[in-house]
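To start, the structure itself, in structure tokens.
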Amino acid sequence: ANDFVTTGNASLDTGSWSIWYKSAFPDQNMFLLCSDINYRIYWQKPGNNRFILYWATGIGYTTFSPPLDDDDWHHLVWTLQRDGSIGTSATMKLYYDGSLEVNVTNTSGTGSVASKPLVIGNGEDSSWGDGLEWSGYVDEVGFWNDHILSASEVTALYNSRSPIDLQVDRDDYESSGNLTHYYRMGDGDTYPTITDNEGSLDGTMTNMTSGDIQTEVP
């Protein structure tokens with residue numbers, strides 16, 4: 001429950017995330033938040049947040065809260081598109097298991113894109129205190145910087161609940177050439193490094209041993 005992966009600093013803004021995850025953490029909702037200082041994907045119950053992914057940036061704000069705690073694998077795709085600079089209208093979409101669940105347009109906040117580490121499985125850093133670590137599994141994390149996946153591509157990524165290789169176009173998925181970062185989360189990785197298979201932003205396993213990489217996958 002205290003395992004997480006952190007990378008070096010990078011500046012990311014609009015684009016698309018794809019993540020597979022599984023958790024039985026009870027009585028919680030999922031929140032996807034964008035503000036003028038950060039954006040993050042996390043589950044929450046009163047007084048106890050659990051972060052799937054955290055990356056600080058500056059892109060407006062909104063929250064989404066579908067209940068997801070059934071101890072089964074699920075697929076999320078989250079896209080953010082903004083046609084102008086920070087402070088202009090931004091559209092966020094959330095796809096859950098291949099289906100569009102949220103489509104919201106807000107006016108984004110002020111500020112600038114921050115240079116921060118990507119953290120998978122925790123909040124920004126340990127100074128936030130305990131209780132932020134993700135309780136569950138994470139697999140196949142991909143990011144397409146400044147590229148928005150189409151609905152048909154999201155369906156192809158979900159692939160009837162069977163992950164595909166994000167580096168290879170398949171069926172309606174045609175964005176392998178736009179993939180920026182890709183973490184297989186254990187496939188072929190050597191402790192303590194979680195390799196960025198598409199970019200150069202490798203992750204480091206924290207509070208983990210080599211045996212903490214699990215064999216269960218979607």
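By convention here, the chains of the structure tokens are called A, B, ... in the order presented, each chain's residues are numbered starting at 1, and ligands are numbered starting at 1 in the order presented.
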All residues 6 Å or closer to Glu198 in chain A, only C-alpha atoms, same chain fewer than 6 positions away omitted, as a list in words
Thr180, His181 and Tyr182 of chain A
Dump as a short mmCIF file (atom, residue, chain, number, x, y, z; two decimals), in the first residue's frame, selection limited to N, CA and C atoms:
```cif
data_model
loop_
_atom_site.label_atom_id
_atom_site.label_comp_id
_atom_site.auth_asym_id
_atom_site.auth_seq_id
_atom_site.Cartn_x
_atom_site.Cartn_y
_atom_site.Cartn_z
N THR A 180 3.93 9.60 -26.08
CA THR A 180 5.05 10.34 -25.48
C THR A 180 5.75 9.56 -24.39
N HIS A 181 4.98 8.95 -23.48
CA HIS A 181 5.53 8.16 -22.38
C HIS A 181 4.69 6.90 -22.23
N TYR A 182 5.36 5.78 -21.88
CA TYR A 182 4.66 4.50 -21.79
C TYR A 182 5.34 3.62 -20.76
#
```
Suppose you want the space between CA of Tyr137 in chain A and CA of Phe51 in chain A; what is it in Å?
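Result for CA of Tyr137 in chain A versus CA of Phe51 in chain A: 11.6 Å, one decimal.
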So, counting only C-alpha atoms, which residue among A:Asn178, A:Ser18, A:Thr209, A:Thr155 is closest to Val5 in chain A?
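Once distances to Val5 in chain A are computed over only C-alpha atoms, the minimum belongs to A:Thr209.
Here the question is which of A:Ala114, A:Val217, A:Ala10, A:Ala151 gets nearest to Thr79 in chain A using only C-alpha atoms, and that residue is A:Ala151.
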Applying 10 Å and only C-alpha atoms, which residues near Trp17 in chain A remain after dropping the ones on its own chain fewer than 3 positions away? List them as a VMD selection string.
chain A and resid 14 76 to 80 94 141 to 145 147 to 149 179 181 to 182
Write the residues you've just listed into a file as a short mmCIF file (atom, residue, chain, number, x, y, z; two decimals), in the first residue's frame, and include all heavy atoms for each of them.
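Listing of selection_37.cif after writing:
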```cif
data_model
loop_
_atom_site.label_atom_id
_atom_site.label_comp_id
_atom_site.auth_asym_id
_atom_site.auth_seq_id
_atom_site.Cartn_x
_atom_site.Cartn_y
_atom_site.Cartn_z
N THR A 14 -1.67 19.69 -22.14
CA THR A 14 -2.83 18.99 -22.67
C THR A 14 -2.43 17.67 -23.32
O THR A 14 -1.29 17.47 -23.73
CB THR A 14 -3.53 19.87 -23.71
OG1 THR A 14 -2.58 20.22 -24.73
CG2 THR A 14 -4.07 21.14 -23.07
N LEU A 76 -9.16 3.44 -17.75
CA LEU A 76 -9.49 4.85 -17.79
C LEU A 76 -8.71 5.52 -18.91
O LEU A 76 -7.51 5.28 -19.08
CB LEU A 76 -9.10 5.56 -16.48
CG LEU A 76 -9.97 5.39 -15.26
CD1 LEU A 76 -9.36 6.17 -14.10
CD2 LEU A 76 -11.39 5.87 -15.52
N VAL A 77 -9.38 6.36 -19.66
CA VAL A 77 -8.71 7.31 -20.56
C VAL A 77 -9.24 8.69 -20.20
O VAL A 77 -10.44 8.90 -20.08
CB VAL A 77 -8.98 7.01 -22.04
CG1 VAL A 77 -8.46 8.16 -22.91
CG2 VAL A 77 -8.32 5.71 -22.45
N TRP A 78 -8.32 9.62 -20.02
CA TRP A 78 -8.65 10.98 -19.61
C TRP A 78 -7.98 11.92 -20.60
O TRP A 78 -6.78 11.84 -20.84
CB TRP A 78 -8.14 11.21 -18.20
CG TRP A 78 -8.31 12.59 -17.66
CD1 TRP A 78 -9.30 13.47 -17.92
CD2 TRP A 78 -7.44 13.24 -16.73
NE1 TRP A 78 -9.12 14.63 -17.20
CE2 TRP A 78 -7.98 14.50 -16.47
CE3 TRP A 78 -6.26 12.86 -16.09
CZ2 TRP A 78 -7.37 15.40 -15.60
CZ3 TRP A 78 -5.68 13.76 -15.22
CH2 TRP A 78 -6.23 15.01 -14.97
N THR A 79 -8.76 12.79 -21.24
CA THR A 79 -8.18 13.73 -22.21
C THR A 79 -8.46 15.16 -21.78
O THR A 79 -9.50 15.46 -21.18
CB THR A 79 -8.76 13.50 -23.62
OG1 THR A 79 -10.14 13.90 -23.67
CG2 THR A 79 -8.63 12.05 -24.04
N LEU A 80 -7.53 16.02 -22.10
CA LEU A 80 -7.70 17.46 -21.86
C LEU A 80 -7.29 18.21 -23.11
O LEU A 80 -6.17 18.05 -23.60
CB LEU A 80 -6.85 17.93 -20.68
CG LEU A 80 -6.97 19.45 -20.45
CD1 LEU A 80 -8.27 19.78 -19.75
CD2 LEU A 80 -5.79 19.98 -19.68
N LEU A 94 -13.66 11.91 -19.82
CA LEU A 94 -13.29 10.71 -19.08
C LEU A 94 -14.00 9.51 -19.71
O LEU A 94 -15.23 9.50 -19.82
CB LEU A 94 -13.69 10.82 -17.62
CG LEU A 94 -13.58 9.54 -16.79
CD1 LEU A 94 -12.11 9.11 -16.68
CD2 LEU A 94 -14.19 9.72 -15.42
N VAL A 141 0.48 2.32 -18.23
CA VAL A 141 0.25 3.77 -18.15
C VAL A 141 0.84 4.43 -19.39
O VAL A 141 2.04 4.33 -19.65
CB VAL A 141 0.89 4.36 -16.88
CG1 VAL A 141 0.66 5.87 -16.82
CG2 VAL A 141 0.32 3.68 -15.63
N GLY A 142 0.00 5.13 -20.15
CA GLY A 142 0.47 5.80 -21.36
C GLY A 142 0.04 7.26 -21.38
O GLY A 142 -1.01 7.62 -20.84
N PHE A 143 0.86 8.11 -22.01
CA PHE A 143 0.52 9.52 -22.17
C PHE A 143 0.88 9.99 -23.56
O PHE A 143 1.97 9.71 -24.06
CB PHE A 143 1.26 10.38 -21.14
CG PHE A 143 0.94 11.85 -21.25
CD1 PHE A 143 -0.33 12.32 -20.95
CD2 PHE A 143 1.89 12.76 -21.67
CE1 PHE A 143 -0.64 13.68 -21.07
CE2 PHE A 143 1.61 14.11 -21.79
CZ PHE A 143 0.33 14.57 -21.48
N TRP A 144 -0.06 10.73 -24.17
CA TRP A 144 0.13 11.33 -25.48
C TRP A 144 0.11 12.83 -25.27
O TRP A 144 -0.96 13.43 -25.05
CB TRP A 144 -0.99 10.92 -26.43
CG TRP A 144 -1.07 9.46 -26.77
CD1 TRP A 144 -0.66 8.87 -27.93
CD2 TRP A 144 -1.62 8.41 -25.97
NE1 TRP A 144 -0.92 7.53 -27.91
CE2 TRP A 144 -1.51 7.22 -26.70
CE3 TRP A 144 -2.19 8.37 -24.68
CZ2 TRP A 144 -1.93 5.99 -26.20
CZ3 TRP A 144 -2.62 7.15 -24.18
CH2 TRP A 144 -2.49 5.99 -24.92
N ASN A 145 1.25 13.49 -25.31
CA ASN A 145 1.34 14.92 -25.04
C ASN A 145 0.74 15.71 -26.21
O ASN A 145 1.09 15.48 -27.38
CB ASN A 145 2.79 15.33 -24.82
CG ASN A 145 2.91 16.72 -24.25
OD1 ASN A 145 2.06 17.17 -23.50
ND2 ASN A 145 3.99 17.41 -24.58
N HIS A 147 -2.02 15.57 -27.68
CA HIS A 147 -2.70 14.74 -28.68
C HIS A 147 -3.93 14.12 -28.03
O HIS A 147 -3.83 13.49 -26.97
CB HIS A 147 -1.77 13.64 -29.20
CG HIS A 147 -2.42 12.76 -30.22
ND1 HIS A 147 -2.58 13.15 -31.54
CD2 HIS A 147 -2.96 11.52 -30.13
CE1 HIS A 147 -3.17 12.18 -32.22
NE2 HIS A 147 -3.42 11.18 -31.39
N ILE A 148 -5.08 14.28 -28.65
CA ILE A 148 -6.34 13.82 -28.09
C ILE A 148 -6.79 12.54 -28.80
O ILE A 148 -6.98 12.53 -30.03
CB ILE A 148 -7.43 14.90 -28.22
CG1 ILE A 148 -6.95 16.21 -27.59
CG2 ILE A 148 -8.72 14.42 -27.56
CD1 ILE A 148 -6.57 16.11 -26.13
N LEU A 149 -6.94 11.47 -28.04
CA LEU A 149 -7.43 10.22 -28.60
C LEU A 149 -8.91 10.35 -28.95
O LEU A 149 -9.69 10.97 -28.22
CB LEU A 149 -7.25 9.09 -27.59
CG LEU A 149 -5.80 8.75 -27.19
CD1 LEU A 149 -5.81 7.74 -26.06
CD2 LEU A 149 -5.03 8.21 -28.39
N LEU A 179 2.54 8.77 -29.19
CA LEU A 179 2.77 8.36 -27.82
C LEU A 179 4.03 9.01 -27.27
O LEU A 179 5.08 8.99 -27.92
CB LEU A 179 2.88 6.83 -27.75
CG LEU A 179 2.98 6.18 -26.38
CD1 LEU A 179 1.71 6.41 -25.57
CD2 LEU A 179 3.24 4.68 -26.55
N HIS A 181 4.98 8.95 -23.48
CA HIS A 181 5.53 8.16 -22.38
C HIS A 181 4.69 6.90 -22.23
O HIS A 181 3.47 6.92 -22.42
CB HIS A 181 5.51 8.94 -21.06
CG HIS A 181 6.26 10.24 -21.12
ND1 HIS A 181 7.63 10.31 -21.19
CD2 HIS A 181 5.83 11.52 -21.15
CE1 HIS A 181 8.02 11.58 -21.25
NE2 HIS A 181 6.93 12.33 -21.23
N TYR A 182 5.36 5.78 -21.88
CA TYR A 182 4.66 4.50 -21.79
C TYR A 182 5.34 3.62 -20.76
O TYR A 182 6.49 3.22 -20.92
CB TYR A 182 4.67 3.83 -23.17
CG TYR A 182 3.90 2.53 -23.27
CD1 TYR A 182 2.81 2.25 -22.46
CD2 TYR A 182 4.26 1.57 -24.22
CE1 TYR A 182 2.10 1.07 -22.58
CE2 TYR A 182 3.55 0.39 -24.36
CZ TYR A 182 2.48 0.15 -23.53
OH TYR A 182 1.78 -1.02 -23.66
#
```
Nearby residues (only C-alpha atoms) at most 10 Å from Ile213 in chain A, same-chain spacing under 6 positions excluded, as an MDAnalysis selection string
chainID A and resid 3 137 185:187 189:191 205
File of the preceding selection, C-alpha atoms, as a PDB file, in the first residue's frame:
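For reference, selection17.pdb as written:
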```pdb
ATOM      1  CA  ASP A   3       4.564   1.457  -2.962  1.00  0.00           C
ATOM      2  CA  TYR A 137      -2.760  -2.258  -8.819  1.00  0.00           C
ATOM      3  CA  MET A 185       4.709  -1.317 -14.968  1.00  0.00           C
ATOM      4  CA  GLY A 186       6.858  -4.414 -14.672  1.00  0.00           C
ATOM      5  CA  ASP A 187       6.945  -6.101 -18.088  1.00  0.00           C
ATOM      6  CA  ASP A 189      11.638  -4.000 -16.039  1.00  0.00           C
ATOM      7  CA  THR A 190      14.634  -4.487 -13.758  1.00  0.00           C
ATOM      8  CA  TYR A 191      14.368  -3.298 -10.157  1.00  0.00           C
ATOM      9  CA  MET A 205      10.329   2.166  -7.495  1.00  0.00           C
TER      10      MET A 205
END
```
Looking at A:Thr91, A:Ser85, A:Asn2, A:Ser162, which one is nearest to Thr105 in chain A, with distances taken over only C-alpha atoms?
A:Thr91
Calculate how many Å separate CA of Glu153 in chain A from CA of Thr88 in chain A, rounding to one decimal.
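Going from CA of Glu153 in chain A over to CA of Thr88 in chain A covers 26.5 Å.
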Give me, as a ChimeraX atom specification, all polymer residues having an atom no more than 6 Å from Thr7 in chain A, counting only C-alpha atoms and skipping those fewer than 4 positions away in the same chain.
/A:117-118,202-203
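Using only C-alpha atoms, the smallest distance between any of A:Val113, A:Ile19, A:Leu201, A:Leu100 and Leu53 in chain A comes from A:Ile19.
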Range 170-173 of chain A surroundings by only C-alpha atoms, 8 Å radius, close-in-sequence under 6 positions cut, as a ChimeraX atom specification
/A:152-154,156-157
With N, CA and C atoms retained, write the just-selected residues as a PDB file, in the first residue's frame.
```pdb
ATOM      1  N   SER A 152     -13.246   6.266 -30.889  1.00  0.00           N
ATOM      2  CA  SER A 152     -13.026   4.947 -31.486  1.00  0.00           C
ATOM      3  C   SER A 152     -11.655   4.391 -31.093  1.00  0.00           C
ATOM      4  N   GLU A 153     -10.669   5.262 -30.905  1.00  0.00           N
ATOM      5  CA  GLU A 153      -9.368   4.799 -30.455  1.00  0.00           C
ATOM      6  C   GLU A 153      -9.436   4.296 -29.014  1.00  0.00           C
ATOM      7  N   VAL A 154     -10.201   4.997 -28.187  1.00  0.00           N
ATOM      8  CA  VAL A 154     -10.358   4.561 -26.804  1.00  0.00           C
ATOM      9  C   VAL A 154     -10.993   3.173 -26.754  1.00  0.00           C
ATOM     10  N   ALA A 156     -10.733   0.917 -28.998  1.00  0.00           N
ATOM     11  CA  ALA A 156      -9.701  -0.025 -29.428  1.00  0.00           C
ATOM     12  C   ALA A 156      -8.697  -0.297 -28.314  1.00  0.00           C
ATOM     13  N   LEU A 157      -8.379   0.715 -27.512  1.00  0.00           N
ATOM     14  CA  LEU A 157      -7.456   0.512 -26.390  1.00  0.00           C
ATOM     15  C   LEU A 157      -8.073  -0.393 -25.331  1.00  0.00           C
TER      16      LEU A 157
END
```
CA of Asp196 in chain A and CA of Met208 in chain A, how far apart in Å?
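Taking CA of Met208 in chain A and CA of Asp196 in chain A, their separation equals 18.1 Å.
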